[in-house]
>>> print(open('data_8.csv').read())   # CSV, C-alpha atoms and all ligand atoms
chain,number,residue,atom,x,y,z
A,175,MET,CA,-6.0,6.2,20.7
A,176,THR,CA,-9.4,4.8,19.6
A,177,LEU,CA,-9.9,3.9,16.0
A,178,PRO,CA,-13.2,4.5,14.2
A,179,GLU,CA,-15.7,1.6,14.0
A,180,VAL,CA,-15.6,0.0,10.6
A,181,ASP,CA,-18.0,-2.3,8.8
A,182,LEU,CA,-16.0,-4.3,6.3
A,183,ALA,CA,-19.1,-4.9,4.1
A,184,ASP,CA,-19.5,-1.1,3.6
A,185,PRO,CA,-19.1,-0.7,-0.2
A,186,ALA,CA,-17.9,2.9,0.3
A,187,LEU,CA,-14.7,1.4,1.7
A,188,LEU,CA,-13.9,-0.2,-1.6
A,189,SER,CA,-12.0,-3.0,0.1
A,190,PRO,CA,-10.2,-5.3,-2.3
A,191,LEU,CA,-10.5,-8.3,0.0
A,192,ARG,CA,-13.6,-10.1,1.3
A,193,TRP,CA,-13.6,-13.0,3.7
A,194,GLU,CA,-16.5,-15.4,3.2
A,195,ALA,CA,-16.9,-17.0,6.6
A,196,GLU,CA,-19.5,-19.6,5.5
A,197,THR,CA,-17.3,-21.2,2.9
A,198,GLY,CA,-13.9,-20.2,4.3
A,199,ARG,CA,-12.9,-18.5,1.1
A,200,LEU,CA,-10.9,-15.3,0.5
A,201,TRP,CA,-12.2,-13.2,-2.4
A,202,LEU,CA,-9.7,-10.9,-4.0
A,203,LEU,CA,-10.4,-8.1,-6.5
A,204,ASP,CA,-7.8,-9.1,-9.2
A,205,GLN,CA,-5.8,-5.8,-9.6
A,206,ARG,CA,-4.1,-7.1,-12.7
A,207,CYS,CA,-7.4,-6.9,-14.6
A,208,LEU,CA,-8.4,-3.3,-13.6
A,209,PRO,CA,-9.7,-1.1,-15.0
A,210,ALA,CA,-10.9,-3.3,-17.9
A,211,GLN,CA,-12.5,-5.9,-15.7
A,212,GLU,CA,-13.7,-6.1,-12.1
A,213,ARG,CA,-12.9,-9.7,-11.6
A,214,TRP,CA,-13.0,-11.3,-8.1
A,215,LEU,CA,-10.8,-14.4,-7.4
A,216,PRO,CA,-12.1,-17.0,-4.9
A,217,LEU,CA,-9.1,-18.4,-3.0
A,218,ALA,CA,-9.4,-21.6,-0.9
A,219,ARG,CA,-5.8,-22.6,-0.5
A,220,TYR,CA,-2.9,-20.8,1.0
A,221,THR,CA,-0.7,-21.5,-2.0
A,222,GLU,CA,-3.2,-19.5,-4.1
A,223,VAL,CA,-2.7,-16.6,-1.7
A,224,VAL,CA,1.1,-16.9,-2.1
A,225,ARG,CA,0.7,-16.7,-5.9
A,226,ALA,CA,-1.8,-13.8,-5.7
A,227,ILE,CA,0.7,-11.8,-3.7
A,228,SER,CA,3.7,-12.7,-5.8
A,229,ASP,CA,1.9,-12.0,-9.1
A,230,MET,CA,0.3,-8.8,-7.8
A,231,ALA,CA,-3.3,-9.8,-8.0
A,232,VAL,CA,-3.3,-8.2,-4.6
A,233,ARG,CA,-0.7,-5.4,-4.0
A,234,GLY,CA,-0.1,-2.4,-1.8
A,235,ALA,CA,1.7,-2.9,1.5
A,236,PRO,CA,-1.3,-3.1,3.9
A,237,ALA,CA,-3.4,-5.2,1.5
A,238,ILE,CA,-0.4,-7.6,1.2
A,239,GLY,CA,-0.3,-8.0,5.0
A,240,ILE,CA,-4.0,-8.6,5.2
A,241,ALA,CA,-4.0,-11.1,2.4
A,242,ALA,CA,-1.2,-13.0,4.1
A,243,ALA,CA,-3.1,-13.1,7.3
A,244,TYR,CA,-6.1,-14.7,5.5
A,245,GLY,CA,-3.6,-17.0,3.8
A,246,VAL,CA,-2.5,-18.3,7.2
A,247,VAL,CA,-6.2,-19.0,8.0
A,248,LEU,CA,-6.6,-21.0,4.8
A,249,GLY,CA,-3.4,-22.9,5.6
A,250,ALA,CA,-4.7,-23.8,9.1
A,251,ARG,CA,-8.1,-24.9,7.6
A,252,GLU,CA,-6.2,-27.1,5.1
A,253,GLY,CA,-4.2,-28.7,7.9
A,254,ALA,CA,-0.9,-27.5,6.4
A,255,PRO,CA,2.1,-27.1,8.8
A,256,LEU,CA,1.9,-23.4,9.8
A,257,PRO,CA,5.7,-22.8,9.8
A,258,GLU,CA,5.6,-23.9,6.1
A,259,VAL,CA,2.6,-21.6,5.4
A,260,MET,CA,4.3,-18.6,7.1
A,261,ALA,CA,7.6,-19.3,5.3
A,262,ALA,CA,5.9,-19.4,1.9
A,263,LEU,CA,3.9,-16.3,2.5
A,264,SER,CA,7.0,-14.4,3.8
A,265,ARG,CA,9.0,-15.2,0.6
A,266,THR,CA,6.5,-13.4,-1.7
A,267,ARG,CA,7.5,-9.7,-1.5
A,268,PRO,CA,10.4,-8.4,0.5
A,269,THR,CA,9.9,-4.7,0.8
A,270,ALA,CA,6.4,-4.2,2.3
A,271,VAL,CA,7.0,-4.6,6.0
A,272,ASN,CA,3.3,-5.0,6.7
A,273,LEU,CA,3.6,-8.5,5.4
A,274,PHE,CA,6.0,-9.5,8.1
A,275,TRP,CA,4.1,-7.5,10.7
A,276,ALA,CA,0.9,-9.4,9.9
A,277,LEU,CA,2.6,-12.8,9.9
A,278,ARG,CA,4.1,-12.1,13.3
A,279,ARG,CA,0.6,-11.3,14.7
A,280,MET,CA,-0.8,-14.5,13.2
A,281,GLU,CA,2.1,-16.5,14.5
A,282,ALA,CA,1.5,-15.2,18.1
A,283,VAL,CA,-2.1,-16.2,17.9
A,284,ALA,CA,-1.2,-19.6,16.4
A,285,ARG,CA,1.1,-20.2,19.4
A,286,ALA,CA,-1.4,-19.0,21.9
A,287,HIS,CA,-4.3,-21.1,20.5
A,288,GLY,CA,-2.4,-24.2,19.2
A,289,GLY,CA,-3.0,-23.3,15.5
A,290,ASP,CA,-6.8,-23.1,16.0
A,291,ALA,CA,-8.3,-21.9,12.7
A,292,ALA,CA,-11.2,-20.0,14.3
A,293,ALA,CA,-8.8,-18.0,16.5
A,294,LEU,CA,-6.7,-17.3,13.4
A,295,GLU,CA,-9.8,-16.2,11.4
A,296,ARG,CA,-10.7,-13.7,14.2
A,297,GLU,CA,-7.2,-12.3,14.1
A,298,ALA,CA,-7.1,-11.9,10.3
A,299,LEU,CA,-10.5,-10.1,10.4
A,300,ALA,CA,-9.2,-7.9,13.2
A,301,ILE,CA,-6.1,-7.0,11.1
A,302,HIS,CA,-8.3,-6.2,8.1
A,303,ARG,CA,-10.8,-4.1,10.2
A,304,GLU,CA,-8.0,-2.3,12.0
A,305,ASP,CA,-6.3,-1.4,8.8
A,306,ALA,CA,-9.4,0.2,7.3
A,307,ALA,CA,-10.1,2.0,10.6
A,308,ALA,CA,-6.5,3.3,10.5
A,309,CYS,CA,-7.0,4.7,7.0
A,310,LEU,CA,-10.1,6.6,8.2
A,311,ALA,CA,-8.1,8.0,11.1
A,312,MET,CA,-5.2,8.9,8.8
A,313,GLY,CA,-7.7,10.8,6.7
A,314,ARG,CA,-8.8,12.8,9.8
A,315,HIS,CA,-5.2,13.6,10.8
A,316,GLY,CA,-3.9,14.3,7.3
A,317,ALA,CA,-6.7,16.3,5.6
A,318,PRO,CA,-5.9,19.6,7.4
A,319,LEU,CA,-2.3,19.4,5.9
A,320,LEU,CA,-3.5,19.6,2.3
A,321,PRO,CA,-3.6,23.1,0.6
A,322,PRO,CA,-6.4,23.8,-1.8
A,323,GLY,CA,-5.4,23.2,-5.4
A,324,THR,CA,-3.7,20.1,-6.9
A,325,VAL,CA,-2.1,17.3,-5.1
A,326,LEU,CA,0.2,14.9,-7.0
A,327,THR,CA,0.2,11.2,-6.0
A,328,HIS,CA,2.3,8.3,-7.2
A,329,CYS,CA,1.4,4.6,-7.6
A,330,ASN,CA,-1.8,3.5,-5.8
A,331,ALA,CA,-2.0,4.2,-2.1
A,332,GLY,CA,-5.8,3.9,-2.1
A,333,ALA,CA,-8.5,1.6,-1.0
A,334,LEU,CA,-7.2,-1.0,-3.4
A,335,ALA,CA,-3.8,-1.0,-1.5
A,336,THR,CA,-5.3,-1.4,1.9
A,337,GLY,CA,-8.2,-2.9,4.0
A,338,GLY,CA,-10.3,-0.1,2.5
A,339,TYR,CA,-10.5,3.7,2.1
A,340,GLY,CA,-6.7,4.1,1.5
A,341,THR,CA,-3.7,5.9,3.0
A,342,ALA,CA,-2.7,8.7,0.8
A,343,LEU,CA,-6.0,8.5,-1.1
A,344,GLY,CA,-7.8,8.2,2.2
A,345,VAL,CA,-6.3,11.6,3.2
A,346,ILE,CA,-7.5,13.0,-0.2
A,347,ARG,CA,-11.0,11.5,0.3
A,348,ALA,CA,-11.2,13.1,3.8
A,349,ALA,CA,-10.1,16.5,2.5
A,350,VAL,CA,-12.6,16.4,-0.4
A,351,ALA,CA,-15.3,15.3,2.0
A,352,ALA,CA,-14.5,18.2,4.3
A,353,GLY,CA,-15.1,20.6,1.3
A,354,LEU,CA,-11.5,21.3,0.2
A,355,PRO,CA,-11.3,22.2,-3.5
A,356,LEU,CA,-8.8,19.6,-4.6
A,357,ARG,CA,-7.7,18.0,-7.8
A,358,VAL,CA,-5.5,15.0,-8.1
A,359,LEU,CA,-2.7,14.5,-10.5
A,360,ALA,CA,-1.9,10.7,-10.8
A,361,THR,CA,1.4,9.6,-12.2
A,362,GLU,CA,0.9,6.5,-14.4
A,363,THR,CA,3.7,4.7,-12.4
A,364,ARG,CA,5.7,2.6,-14.9
A,365,PRO,CA,6.0,-0.3,-15.2
A,366,PHE,CA,3.0,-1.8,-13.5
A,367,LEU,CA,0.8,1.3,-14.1
A,368,GLN,CA,-0.8,1.4,-10.6
A,369,GLY,CA,-1.4,5.1,-11.1
A,370,ALA,CA,-3.1,4.9,-14.5
A,371,ARG,CA,-5.0,1.7,-13.9
A,372,LEU,CA,-5.8,1.7,-10.2
A,373,THR,CA,-5.6,5.3,-8.8
A,374,CYS,CA,-7.6,6.7,-11.7
A,375,TRP,CA,-10.1,3.9,-11.5
A,376,GLU,CA,-10.8,4.3,-7.8
A,377,LEU,CA,-10.8,8.1,-7.8
A,378,GLN,CA,-13.2,8.2,-10.7
A,379,LYS,CA,-15.4,5.7,-9.0
A,380,SER,CA,-15.5,7.9,-5.9
A,381,GLY,CA,-16.2,11.1,-8.0
A,382,ILE,CA,-12.9,12.7,-7.1
A,383,ASP,CA,-11.3,15.0,-9.8
A,384,VAL,CA,-8.3,13.1,-11.2
A,385,THR,CA,-6.0,13.7,-14.1
A,386,LEU,CA,-3.5,11.2,-15.4
A,387,ILE,CA,0.1,12.2,-16.3
A,388,THR,CA,3.1,10.1,-17.3
A,389,ASP,CA,5.9,9.9,-14.7
A,390,GLY,CA,8.2,12.3,-16.7
A,391,MET,CA,5.6,15.1,-16.7
A,392,ALA,CA,5.7,15.9,-13.0
A,393,GLY,CA,8.7,18.3,-13.0
A,394,HIS,CA,7.3,20.3,-15.9
A,395,LEU,CA,3.9,20.8,-14.1
A,396,MET,CA,5.6,21.7,-10.8
A,397,ALA,CA,7.8,24.3,-12.5
A,398,ARG,CA,4.6,25.9,-13.9
A,399,GLY,CA,3.0,26.1,-10.5
A,400,GLU,CA,0.4,23.5,-11.3
A,401,VAL,CA,1.1,21.3,-8.2
A,402,GLN,CA,0.6,22.4,-4.6
A,403,ALA,CA,1.7,19.3,-2.7
A,404,VAL,CA,2.9,15.7,-3.2
A,405,LEU,CA,1.3,12.9,-1.1
A,406,VAL,CA,2.2,9.2,-1.3
A,407,GLY,CA,2.0,6.0,0.6
A,408,ALA,CA,4.9,3.8,1.9
A,409,ASP,CA,6.0,0.2,2.0
A,410,ARG,CA,8.4,0.6,4.8
A,411,ILE,CA,9.6,3.5,6.9
A,412,ALA,CA,12.9,3.1,8.8
A,413,ARG,CA,13.6,4.5,12.2
A,414,SER,CA,15.4,7.5,10.6
A,415,GLY,CA,12.2,8.4,8.7
A,416,ASP,CA,13.6,7.2,5.3
A,417,VAL,CA,10.7,6.0,3.2
A,418,ALA,CA,10.6,3.1,0.8
A,419,ASN,CA,7.8,3.4,-1.7
A,420,LYS,CA,7.1,2.6,-5.3
A,421,ILE,CA,10.0,3.3,-7.7
A,422,GLY,CA,9.8,6.9,-8.9
A,423,THR,CA,8.9,8.3,-5.5
A,424,TYR,CA,12.4,9.5,-4.7
A,425,SER,CA,12.5,11.5,-7.9
A,426,LEU,CA,9.2,13.2,-7.1
A,427,ALA,CA,10.5,14.1,-3.6
A,428,VAL,CA,13.6,15.7,-5.1
A,429,LEU,CA,11.4,17.6,-7.5
A,430,ALA,CA,9.1,18.7,-4.7
A,431,ARG,CA,12.1,20.1,-2.7
A,432,GLU,CA,13.4,21.9,-5.8
A,433,HIS,CA,10.0,23.6,-6.3
A,434,GLY,CA,9.3,24.3,-2.6
A,435,LEU,CA,6.4,21.9,-2.3
A,436,PRO,CA,5.5,19.9,0.8
A,437,PHE,CA,6.2,16.1,0.3
A,438,TYR,CA,3.9,14.1,2.6
A,439,VAL,CA,3.7,10.4,3.3
A,440,ALA,CA,0.6,8.6,4.7
A,441,ALA,CA,1.1,5.1,6.2
A,442,PRO,CA,-0.3,3.1,9.1
A,443,ARG,CA,1.9,2.3,12.1
A,444,SER,CA,2.2,-1.3,10.7
A,445,THR,CA,4.5,0.3,8.0
A,446,LEU,CA,6.9,1.7,10.6
A,447,ASP,CA,9.9,-0.5,11.0
A,448,LEU,CA,11.9,0.8,13.9
A,449,ALA,CA,14.1,-2.2,13.9
A,450,THR,CA,15.6,-1.0,10.6
A,451,ALA,CA,17.8,2.0,11.3
A,452,ARG,CA,18.1,3.6,7.8
A,453,GLY,CA,16.6,3.4,4.4
A,454,ALA,CA,19.8,1.9,3.0
A,455,ASP,CA,19.0,-1.2,5.1
A,456,ILE,CA,15.6,-1.8,3.6
A,457,PRO,CA,15.5,-4.7,1.1
A,458,ILE,CA,14.4,-3.5,-2.3
A,459,GLU,CA,12.5,-6.0,-4.4
A,460,GLU,CA,13.8,-6.6,-7.9
A,461,ARG,CA,11.1,-7.9,-10.2
A,462,ALA,CA,11.3,-9.6,-13.6
A,463,SER,CA,12.8,-7.4,-16.4
A,464,GLU,CA,9.9,-8.5,-18.7
A,465,GLU,CA,7.7,-6.2,-16.7
A,466,VAL,CA,9.8,-3.4,-18.1
A,467,THR,CA,10.5,-4.6,-21.6
A,468,HIS,CA,6.8,-5.5,-22.1
A,469,LEU,CA,3.6,-3.5,-21.6
A,470,GLY,CA,0.5,-5.7,-21.2
A,471,GLY,CA,2.4,-8.6,-22.7
A,472,VAL,CA,3.4,-6.5,-25.8
A,473,PRO,CA,7.2,-5.9,-26.3
A,474,VAL,CA,8.2,-2.2,-26.2
A,475,ALA,CA,12.0,-2.8,-26.4
A,476,PRO,CA,14.2,-4.8,-28.8
A,477,PRO,CA,14.4,-8.5,-28.0
A,478,GLY,CA,17.3,-9.4,-25.6
A,479,VAL,CA,17.9,-5.9,-24.3
A,480,PRO,CA,18.8,-6.1,-20.6
A,481,ALA,CA,16.4,-4.1,-18.3
A,482,ARG,CA,16.5,-3.3,-14.6
A,483,HIS,CA,13.4,-3.5,-12.4
A,484,PRO,CA,13.9,-2.3,-8.9
A,485,ALA,CA,10.3,-2.1,-7.7
A,486,PHE,CA,10.9,0.5,-4.9
A,487,ASP,CA,13.2,3.3,-4.0
A,488,VAL,CA,14.1,5.1,-0.8
A,489,THR,CA,13.3,8.8,-0.1
A,490,PRO,CA,15.6,10.2,2.5
A,491,ALA,CA,13.9,11.6,5.6
A,492,ARG,CA,15.2,15.1,4.9
A,493,LEU,CA,12.9,15.4,1.9
A,494,VAL,CA,9.8,14.3,3.9
A,495,ALA,CA,7.7,17.2,5.4
A,496,ALA,CA,5.5,14.9,7.6
A,497,ILE,CA,4.4,11.3,8.0
A,498,ILE,CA,0.7,10.9,8.6
A,499,THR,CA,-0.4,7.9,10.7
A,500,GLU,CA,-3.6,6.8,12.4
A,501,ALA,CA,-2.1,8.0,15.7
A,502,GLY,CA,-1.2,11.5,14.5
A,503,VAL,CA,1.3,13.4,12.3
A,504,ALA,CA,5.0,12.8,12.8
A,505,ARG,CA,7.4,15.7,12.0
A,506,PRO,CA,11.2,15.7,11.9
A,507,PRO,CA,13.3,14.6,13.7
A,508,TYR,CA,11.7,11.3,12.9
A,509,GLU,CA,14.1,9.3,15.2
A,510,GLU,CA,12.1,11.0,18.0
A,511,SER,CA,8.6,11.5,16.6
A,512,LEU,CA,8.1,7.9,15.1
A,513,PRO,CA,8.9,6.0,18.3
A,514,ARG,CA,6.6,8.4,20.2
A,515,LEU,CA,3.7,7.5,17.8
A,516,LEU,CA,4.4,3.8,18.5
A,517,GLY,CA,4.6,4.4,22.2
A,518,VAL,CA,8.1,3.1,22.4
A,519,ASN,CA,11.5,4.7,22.9
A,601,LIG,O1,4.2,-2.9,-6.0
A,601,LIG,P1,3.0,-2.4,-5.2
A,601,LIG,O2,1.9,-2.0,-6.1
A,601,LIG,O3,2.6,-3.3,-4.1
A,601,LIG,O4,3.5,-1.1,-4.6
A,601,LIG,C1,2.6,-0.3,-3.8
A,601,LIG,C2,3.2,1.0,-3.3
A,601,LIG,O5,4.3,1.3,-3.5
A,601,LIG,C3,2.3,1.8,-2.5
A,601,LIG,O6,2.6,3.2,-2.6
A,601,LIG,C4,2.5,1.4,-1.0
A,601,LIG,O7,2.3,0.1,-0.8
A,601,LIG,C5,1.5,2.1,-0.1
A,601,LIG,S1,0.0,1.4,-0.2
A,601,LIG,C6,-1.1,2.1,0.9
>>> encode(input="data_8.csv", output="structure tokens")
Amino acid sequence: MTLPEVDLADPALLSPLRWEAETGRLWLLDQRCLPAQERWLPLARYTEVVRAISDMAVRGAPAIGIAAAYGVVLGAREGAPLPEVMAALSRTRPTAVNLFWALRRMEAVARAHGGDAAALEREALAIHREDAAACLAMGRHGAPLLPPGTVLTHCNAGALATGGYGTALGVIRAAVAAGLPLRVLATETRPFLQGARLTCWELQKSGIDVTLITDGMAGHLMARGEVQAVLVGADRIARSGDVANKIGTYSLAVLAREHGLPFYVAAPRSTLDLATARGADIPIEERASEEVTHLGGVPVAPPGVPARHPAFDVTPARLVAAIITEAGVARPPYEESLPRLLGVN
């Protein structure tokens, strides 16, 4: 499998990360400020990357992995002990497996090159470039699956969540570029509003027809025949094909089944976790309840009311029609098709 060539400086990729080699700084598009403000954060220390991932200045499974890889480079340049750097980065967010996948790649390079910062920088850039290339390849493989009409997506699995171009939104970009008449319904994605703030921002910027709905409107619109397919990204996919993704995804998959709609997942192979047998074994991040009781810092619930905040849920493999990767499209039974895509048994 050969991935397309990618120029990370290409503005059409909309990459949320930029490595500035001359100064050794990582620039991150601060996703907490979008869509109001396009603010780029210059990071020079690995602890700043740790904070940026935890606080979701950078988010989305592949982008988290790429940011962590650059974080290791910053740690090496600072002369920080690399096991400490890796441990701090690995404690940031538990569900997105791309984080641990990227750290393993960096650790292998650190071992082979005695922690040499230049070798680590080359590897981080390779991880970044390969992810954007994987998104372009996913677009090629996934676009033919989409029917004309309206595709519903949840959270943000776009350029902003990746090295550039996007997974689910990459497939949508490729389908639109191929001339498919397509509209996108974006769920707002409570509580962090990745759909309202990020998916709408990046699709508008790319001239793709997008309409915002609240999470609770999806079933109504499906029942009226206003949705033709559901397409989302993933944070971790178990060997069984069970998919962990943003909270609310499972409900959409159940609704899609009820209404006879295909439910597709697009994710790079770095999101496949064959070491985890089933979705029930995937660690689900619980975030602060204030992110639920408050909206943009403003309380929307009475003071003191307890609130739950599981940030992800698991969609069982039986509800997933296909998993689109850069190496091709996997169909059930996933226990067979996913290892084949990874070239393992
Ligand atoms: O909490 P987030 O914003 O990091 O969650 C992101 C998602 O759930 C995305 O759908 C997933 O990471 C796929 S990104 C290509």
>>> residues_near_ligand(input="data_8.csv", ligand="ligand LIG 601 (chain A)", cutoff="8 Å", atoms="only C-alpha atoms and all ligand atoms", output="PyMOL selection string")
chain A and resi 230+232-238+270+328-333+335-336+340-342+366+368+406-409+418-421+440-441+485-486
>>> write_last_selection(input="data_8.csv", atoms="C-alpha atoms", output="mmCIF file, keeping the file's coordinate frame")
data_model
loop_
_atom_site.group_PDB
_atom_site.id
_atom_site.type_symbol
_atom_site.label_atom_id
_atom_site.label_comp_id
_atom_site.auth_asym_id
_atom_site.auth_seq_id
_atom_site.Cartn_x
_atom_site.Cartn_y
_atom_site.Cartn_z
ATOM 1 C CA MET A 230 0.300 -8.800 -7.800
ATOM 2 C CA VAL A 232 -3.300 -8.200 -4.600
ATOM 3 C CA ARG A 233 -0.700 -5.400 -4.000
ATOM 4 C CA GLY A 234 -0.100 -2.400 -1.800
ATOM 5 C CA ALA A 235 1.700 -2.900 1.500
ATOM 6 C CA PRO A 236 -1.300 -3.100 3.900
ATOM 7 C CA ALA A 237 -3.400 -5.200 1.500
ATOM 8 C CA ILE A 238 -0.400 -7.600 1.200
ATOM 9 C CA ALA A 270 6.400 -4.200 2.300
ATOM 10 C CA HIS A 328 2.300 8.300 -7.200
ATOM 11 C CA CYS A 329 1.400 4.600 -7.600
ATOM 12 C CA ASN A 330 -1.800 3.500 -5.800
ATOM 13 C CA ALA A 331 -2.000 4.200 -2.100
ATOM 14 C CA GLY A 332 -5.800 3.900 -2.100
ATOM 15 C CA ALA A 333 -8.500 1.600 -1.000
ATOM 16 C CA ALA A 335 -3.800 -1.000 -1.500
ATOM 17 C CA THR A 336 -5.300 -1.400 1.900
ATOM 18 C CA GLY A 340 -6.700 4.100 1.500
ATOM 19 C CA THR A 341 -3.700 5.900 3.000
ATOM 20 C CA ALA A 342 -2.700 8.700 0.800
ATOM 21 C CA PHE A 366 3.000 -1.800 -13.500
ATOM 22 C CA GLN A 368 -0.800 1.400 -10.600
ATOM 23 C CA VAL A 406 2.200 9.200 -1.300
ATOM 24 C CA GLY A 407 2.000 6.000 0.600
ATOM 25 C CA ALA A 408 4.900 3.800 1.900
ATOM 26 C CA ASP A 409 6.000 0.200 2.000
ATOM 27 C CA ALA A 418 10.600 3.100 0.800
ATOM 28 C CA ASN A 419 7.800 3.400 -1.700
ATOM 29 C CA LYS A 420 7.100 2.600 -5.300
ATOM 30 C CA ILE A 421 10.000 3.300 -7.700
ATOM 31 C CA ALA A 440 0.600 8.600 4.700
ATOM 32 C CA ALA A 441 1.100 5.100 6.200
ATOM 33 C CA ALA A 485 10.300 -2.100 -7.700
ATOM 34 C CA PHE A 486 10.900 0.500 -4.900
#
>>> closest_residue(input="data_8.csv", among="A:Glu459, A:Glu295, A:Glu509, A:Glu464", to="Leu446 of chain A", atoms="only C-alpha atoms")
A:Glu509
>>> residues_around(input="data_8.csv", residues="segment 197-204 of chain A", least_positions_apart="2", cutoff="10 Å", atoms="all atoms listed in the file", output="number ranges by chain")
A: 188-195, 206-208, 211-220, 222-223, 226, 230-233, 241, 244-245, 247-248, 251, 295, 334
>>> residues_near_point(input="data_8.csv", point="(14.2, -9.9, 3.4)", cutoff="12 Å", atoms="only C-alpha atoms", output="list of chain:residue names")
A:Ala261, A:Ser264, A:Arg265, A:Thr266, A:Arg267, A:Pro268, A:Thr269, A:Ala270, A:Val271, A:Leu273, A:Phe274, A:Thr450, A:Asp455, A:Ile456, A:Pro457, A:Ile458, A:Glu459, A:Glu460
>>> closest_residue(input="data_8.csv", among="A:Leu405, A:Leu367, A:Ile301, A:Leu277", to="Ala495 of chain A", atoms="all atoms listed in the file")
A:Leu405
>>> atom_distance(input="data_8.csv", atom1="atom CA of Ala481 of chain A", atom2="atom CA of His468 of chain A")
10.4 Å
>>> residues_around(input="data_8.csv", residues="Ala317 of chain A", least_positions_apart="4", cutoff="10 Å", atoms="only C-alpha atoms", output="ChimeraX atom specification")
/A:312-313,321,342,344-352,354,498
>>> write_last_selection(input="data_8.csv", atoms="C-alpha atoms", output="PDB file, in the frame of the given file")
ATOM      1  CA  MET A 312      -5.200   8.900   8.800  1.00  0.00           C
ATOM      2  CA  GLY A 313      -7.700  10.800   6.700  1.00  0.00           C
ATOM      3  CA  PRO A 321      -3.600  23.100   0.600  1.00  0.00           C
ATOM      4  CA  ALA A 342      -2.700   8.700   0.800  1.00  0.00           C
ATOM      5  CA  GLY A 344      -7.800   8.200   2.200  1.00  0.00           C
ATOM      6  CA  VAL A 345      -6.300  11.600   3.200  1.00  0.00           C
ATOM      7  CA  ILE A 346      -7.500  13.000  -0.200  1.00  0.00           C
ATOM      8  CA  ARG A 347     -11.000  11.500   0.300  1.00  0.00           C
ATOM      9  CA  ALA A 348     -11.200  13.100   3.800  1.00  0.00           C
ATOM     10  CA  ALA A 349     -10.100  16.500   2.500  1.00  0.00           C
ATOM     11  CA  VAL A 350     -12.600  16.400  -0.400  1.00  0.00           C
ATOM     12  CA  ALA A 351     -15.300  15.300   2.000  1.00  0.00           C
ATOM     13  CA  ALA A 352     -14.500  18.200   4.300  1.00  0.00           C
ATOM     14  CA  LEU A 354     -11.500  21.300   0.200  1.00  0.00           C
ATOM     15  CA  ILE A 498       0.700  10.900   8.600  1.00  0.00           C
TER      16      ILE A 498
END
>>> residues_around(input="data_8.csv", residues="Ala360 of chain A", least_positions_apart="6", cutoff="6 Å", atoms="all atoms listed in the file", output="list in words")
Thr327, Gly369 and Leu386 of chain A
>>> atom_distance(input="data_8.csv", atom1="atom CA of Gly415 of chain A", atom2="atom CA of Leu319 of chain A")
18.4 Å
>>> closest_residue(input="data_8.csv", among="A:Gly393, A:Leu343, A:Leu493, A:Met175", to="Leu372 of chain A", atoms="only C-alpha atoms")
A:Leu343
>>> decode(input="data_8.csv", residues="segment 249-257 of chain A", atoms="N, CA, C and O atoms", output="CSV table (one decimal), in the first residue's frame")
chain,number,residue,atom,x,y,z
A,249,GLY,N,10.4,17.6,24.6
A,249,GLY,CA,11.1,17.1,25.8
A,249,GLY,C,12.5,16.7,25.6
A,249,GLY,O,13.4,17.1,26.4
A,250,ALA,N,12.8,16.1,24.5
A,250,ALA,CA,14.2,15.8,24.2
A,250,ALA,C,15.1,17.0,24.0
A,250,ALA,O,16.2,17.1,24.5
A,251,ARG,N,14.5,18.1,23.3
A,251,ARG,CA,15.3,19.3,23.2
A,251,ARG,C,15.5,20.0,24.5
A,251,ARG,O,16.5,20.7,24.7
A,252,GLU,N,14.6,19.8,25.4
A,252,GLU,CA,14.8,20.4,26.8
A,252,GLU,C,15.7,19.7,27.6
A,252,GLU,O,16.1,20.1,28.7
A,253,GLY,N,16.1,18.4,27.2
A,253,GLY,CA,16.9,17.6,28.0
A,253,GLY,C,16.1,16.9,29.2
A,253,GLY,O,16.7,16.4,30.1
A,254,ALA,N,14.8,16.8,29.1
A,254,ALA,CA,14.0,16.2,30.1
A,254,ALA,C,14.2,14.6,30.0
A,254,ALA,O,14.3,14.1,28.8
A,255,PRO,N,14.1,13.9,31.1
A,255,PRO,CA,14.2,12.4,31.0
A,255,PRO,C,13.0,11.9,30.2
A,255,PRO,O,11.9,12.1,30.5
A,256,LEU,N,13.3,11.2,29.1
A,256,LEU,CA,12.2,10.8,28.2
A,256,LEU,C,11.2,9.9,28.8
A,256,LEU,O,10.0,10.0,28.5
A,257,PRO,N,11.6,8.9,29.7
A,257,PRO,CA,10.5,8.1,30.4
A,257,PRO,C,9.5,9.0,31.1
A,257,PRO,O,8.3,8.8,31.0
